[in-house]
Amino acid sequence: MRLLECTSGDEFVLTKDLIGDYDIPPYAILSHTWEEDQEVTFSDLKDGTGKSKKGYDKIRFCGQQAERDGLQHFWVDTCCINKSDHVELREAINSMFRWYQNAAKCYVYLSDVSTTKRKANDGVSEFTWEPAFRVSRWFTRGWTLQELLAPTSVEFFSQEWKRLGDKLLLKKRIHKITGIPESAIQGAPLSQFSVNERLSWKENRHTELEEDRAYSLLGIFGV
C-alpha cells in the first residue's frame, strides 16, 4: 500500500510501498466518483503534472481534511496505485475493502452536491443540499458500496468541502436512498445478512468495467 504524506500547506509526497499492516501509519481515505480525463494518476504525481487537472482539488481537499483531523497520511485511489503494474493493480483490487476498513477516516467527496446557490445580485446564500444528496451519482456507483460499508468513520462533504454529516447521523437518509439496512450502515457484520440481501444492495449500481461488478463485491462477501 502506497500513501500520500502531507508535508507543508498544499504539498504532499508519495511514500514508498508499505508492506504489512504493521508498517502502515493511521491514514484517511477518499471516496469519490471519477471524472473522465481529469483524474490525477500515479504517473502524473511522479512527473509533477497533476496540478493542472481538475481532480487535483479533490486530493488537496483530502490532504487538508486529514491534517485537520490530525492525520499525516492519506490515500486516493486515482494516484496511489500504479495501474500500469498489473501485479500491483491486482493486489490493490483484492485489498481494497480492507484498506477502506482500516482507514481512520473516510471522506466522501460529492462533486454534484452543493451547499450554496446564486442570488439575483450574485450574492451567495445557503440552501438545503438534501435533494441533490438523494440523487448524487455517488450512490449509483459499484465501488462506493464497499466504501460506504467498510470504514467505521464515513463523513460526507459537498463540492465546496463543507461537511454534511457522517454515515451514522445520515443513516436514515442513506437507508431510503440505498435500501441498505440501518444496522449495516452502522457497522453490523455483513455476514449477518443473507447473500440475496447483500446482492440486492448492488442492483442499482454500475461500474465502468463489467468485471468490476464482481471485484467490487469481494469484500462484501468476505472473499
# chains A, B, ... in the order shown; residues from 1 in each chain; ligands from 1
>>> residues_around(residues="segment 52-58 of chain A", least_positions_apart="3", cutoff="10 Å", atoms="only C-alpha atoms", output="VMD selection string")
chain A and resid 10 30 to 32 34 to 41 44 to 45 48 to 49 61 to 64 76 78 to 79 109 to 111 159 161
>>> residues_around(residues="segment 134-143 of chain A", least_positions_apart="5", cutoff="12 Å", atoms="only C-alpha atoms", output="ChimeraX atom specification")
/A:31-35,77,93,96-97,100,108-114,128-129,148-150,156-159,170,172-180,199,201-220
>>> select_by_dssp(residues="segment 45-121 of chain A", states="strand (DSSP E or B)", output="list in words")
His73, Phe74, Trp75, Lys105, Cys106, Tyr107, Val108, Tyr109, Thr116, Lys117 and Arg118 of chain A
>>> write_last_selection(atoms="C-alpha atoms", output="JSON list (two decimals), in the first residue's frame")
[["chain", "number", "residue", "atom", "x", "y", "z"],
["A", 73, "HIS", "CA", -1.14, 10.35, 5.68],
["A", 74, "PHE", "CA", -4.00, 9.76, 3.25],
["A", 75, "TRP", "CA", -4.89, 7.55, 0.29],
["A", 105, "LYS", "CA", -11.34, 8.37, 8.39],
["A", 106, "CYS", "CA", -13.15, 8.02, 5.06],
["A", 107, "TYR", "CA", -14.11, 11.27, 3.34],
["A", 108, "VAL", "CA", -16.85, 11.11, 0.72],
["A", 109, "TYR", "CA", -16.45, 13.99, -1.72],
["A", 116, "THR", "CA", -24.78, 27.27, -1.95],
["A", 117, "LYS", "CA", -26.81, 28.92, -4.67],
["A", 118, "ARG", "CA", -26.59, 32.23, -6.54]]
>>> closest_residue(among="A:Phe42, A:Trp99, A:Phe221, A:Phe133", to="Ile29 of chain A", atoms="only C-alpha atoms")
A:Trp99
>>> residues_around(residues="Thr15 of chain A", least_positions_apart="4", cutoff="10 Å", atoms="only C-alpha atoms", output="ChimeraX atom specification")
/A:1-5,73,80
>>> select_by_dssp(residues="segment 74-176 of chain A", states="helix (DSSP H, G or I)", output="PyMOL selection string")
chain A and resi 77-80+86-102+130-134+137-140+144-149+171-176
>>> write_last_selection(atoms="N, CA and C atoms", output="compact mmCIF listing (two decimals), in the first residue's frame")
# COMPACT_ATOMS: atom_id res chain seq x y z
N ASP A 77 -7.45 6.67 -4.56
CA ASP A 77 -7.32 5.55 -5.50
C ASP A 77 -6.75 5.95 -6.86
N THR A 78 -7.00 7.17 -7.30
CA THR A 78 -6.58 7.57 -8.65
C THR A 78 -5.07 7.60 -8.79
N CYS A 79 -4.36 7.98 -7.71
CA CYS A 79 -2.93 8.24 -7.84
C CYS A 79 -2.04 7.43 -6.93
N CYS A 80 -2.59 6.66 -6.01
CA CYS A 80 -1.75 5.86 -5.11
C CYS A 80 -1.51 4.45 -5.63
N HIS A 86 0.50 -4.49 -13.47
CA HIS A 86 -0.68 -5.36 -13.35
C HIS A 86 -0.68 -6.16 -12.05
N VAL A 87 0.50 -6.50 -11.54
CA VAL A 87 0.57 -7.22 -10.27
C VAL A 87 0.10 -6.30 -9.14
N GLU A 88 0.56 -5.06 -9.14
CA GLU A 88 0.15 -4.10 -8.11
C GLU A 88 -1.35 -3.81 -8.21
N LEU A 89 -1.85 -3.68 -9.42
CA LEU A 89 -3.28 -3.40 -9.61
C LEU A 89 -4.12 -4.55 -9.09
N ARG A 90 -3.73 -5.78 -9.37
CA ARG A 90 -4.49 -6.94 -8.89
C ARG A 90 -4.48 -7.01 -7.37
N GLU A 91 -3.32 -6.75 -6.78
CA GLU A 91 -3.22 -6.76 -5.32
C GLU A 91 -4.10 -5.68 -4.71
N ALA A 92 -4.14 -4.50 -5.36
CA ALA A 92 -4.96 -3.40 -4.85
C ALA A 92 -6.44 -3.76 -4.90
N ILE A 93 -6.89 -4.36 -5.99
CA ILE A 93 -8.29 -4.75 -6.11
C ILE A 93 -8.67 -5.74 -5.01
N ASN A 94 -7.78 -6.69 -4.75
CA ASN A 94 -8.05 -7.69 -3.72
C ASN A 94 -8.01 -7.12 -2.31
N SER A 95 -7.28 -6.02 -2.13
CA SER A 95 -7.09 -5.44 -0.79
C SER A 95 -7.99 -4.25 -0.51
N MET A 96 -8.74 -3.80 -1.51
CA MET A 96 -9.44 -2.53 -1.41
C MET A 96 -10.38 -2.46 -0.21
N PHE A 97 -11.18 -3.48 0.01
CA PHE A 97 -12.13 -3.47 1.13
C PHE A 97 -11.38 -3.30 2.45
N ARG A 98 -10.30 -4.04 2.62
CA ARG A 98 -9.51 -3.97 3.86
C ARG A 98 -8.89 -2.59 4.04
N TRP A 99 -8.44 -1.97 2.94
CA TRP A 99 -7.84 -0.64 3.04
C TRP A 99 -8.87 0.38 3.53
N TYR A 100 -10.10 0.29 3.01
CA TYR A 100 -11.15 1.18 3.49
C TYR A 100 -11.54 0.84 4.93
N GLN A 101 -11.56 -0.43 5.22
CA GLN A 101 -11.93 -0.88 6.57
C GLN A 101 -10.93 -0.39 7.62
N ASN A 102 -9.66 -0.34 7.25
CA ASN A 102 -8.61 0.02 8.21
C ASN A 102 -8.37 1.52 8.30
N GLU A 130 -30.12 18.54 0.59
CA GLU A 130 -30.67 17.18 0.62
C GLU A 130 -31.21 16.68 -0.72
N PRO A 131 -31.93 17.48 -1.52
CA PRO A 131 -32.39 16.95 -2.81
C PRO A 131 -31.24 16.47 -3.70
N ALA A 132 -30.16 17.23 -3.74
CA ALA A 132 -29.01 16.83 -4.54
C ALA A 132 -28.33 15.60 -3.94
N PHE A 133 -28.29 15.53 -2.62
CA PHE A 133 -27.71 14.38 -1.93
C PHE A 133 -28.43 13.09 -2.31
N ARG A 134 -29.75 13.16 -2.36
CA ARG A 134 -30.55 11.95 -2.65
C ARG A 134 -30.29 11.40 -4.04
N ARG A 137 -24.62 11.01 -7.84
CA ARG A 137 -24.03 9.92 -8.63
C ARG A 137 -23.28 8.93 -7.74
N TRP A 138 -22.80 9.40 -6.61
CA TRP A 138 -22.03 8.54 -5.71
C TRP A 138 -22.82 7.30 -5.30
N PHE A 139 -24.13 7.45 -5.16
CA PHE A 139 -24.97 6.32 -4.73
C PHE A 139 -25.28 5.35 -5.87
N THR A 140 -24.82 5.63 -7.08
CA THR A 140 -25.09 4.76 -8.23
C THR A 140 -23.87 3.97 -8.68
N THR A 144 -18.46 2.30 -4.68
CA THR A 144 -18.76 3.09 -3.49
C THR A 144 -19.60 2.33 -2.47
N LEU A 145 -20.14 1.18 -2.85
CA LEU A 145 -20.89 0.38 -1.89
C LEU A 145 -19.97 -0.07 -0.76
N GLN A 146 -18.81 -0.64 -1.10
CA GLN A 146 -17.90 -1.07 -0.05
C GLN A 146 -17.28 0.13 0.66
N GLU A 147 -17.17 1.26 -0.04
CA GLU A 147 -16.60 2.45 0.58
C GLU A 147 -17.54 3.05 1.61
N LEU A 148 -18.83 2.76 1.49
CA LEU A 148 -19.81 3.15 2.49
C LEU A 148 -19.80 2.21 3.69
N LEU A 149 -19.68 0.91 3.43
CA LEU A 149 -19.87 -0.09 4.48
C LEU A 149 -18.59 -0.48 5.22
N LYS A 171 -27.85 8.07 8.55
CA LYS A 171 -28.19 6.68 8.24
C LYS A 171 -29.62 6.50 7.73
N LYS A 172 -30.57 7.28 8.23
CA LYS A 172 -31.95 7.14 7.76
C LYS A 172 -32.07 7.60 6.31
N ARG A 173 -31.41 8.69 5.97
CA ARG A 173 -31.42 9.18 4.59
C ARG A 173 -30.74 8.17 3.66
N ILE A 174 -29.60 7.64 4.12
CA ILE A 174 -28.86 6.68 3.28
C ILE A 174 -29.68 5.40 3.09
N HIS A 175 -30.37 4.97 4.13
CA HIS A 175 -31.24 3.79 4.01
C HIS A 175 -32.33 4.00 2.96
N LYS A 176 -32.95 5.19 2.97
CA LYS A 176 -34.00 5.47 1.99
C LYS A 176 -33.46 5.50 0.56
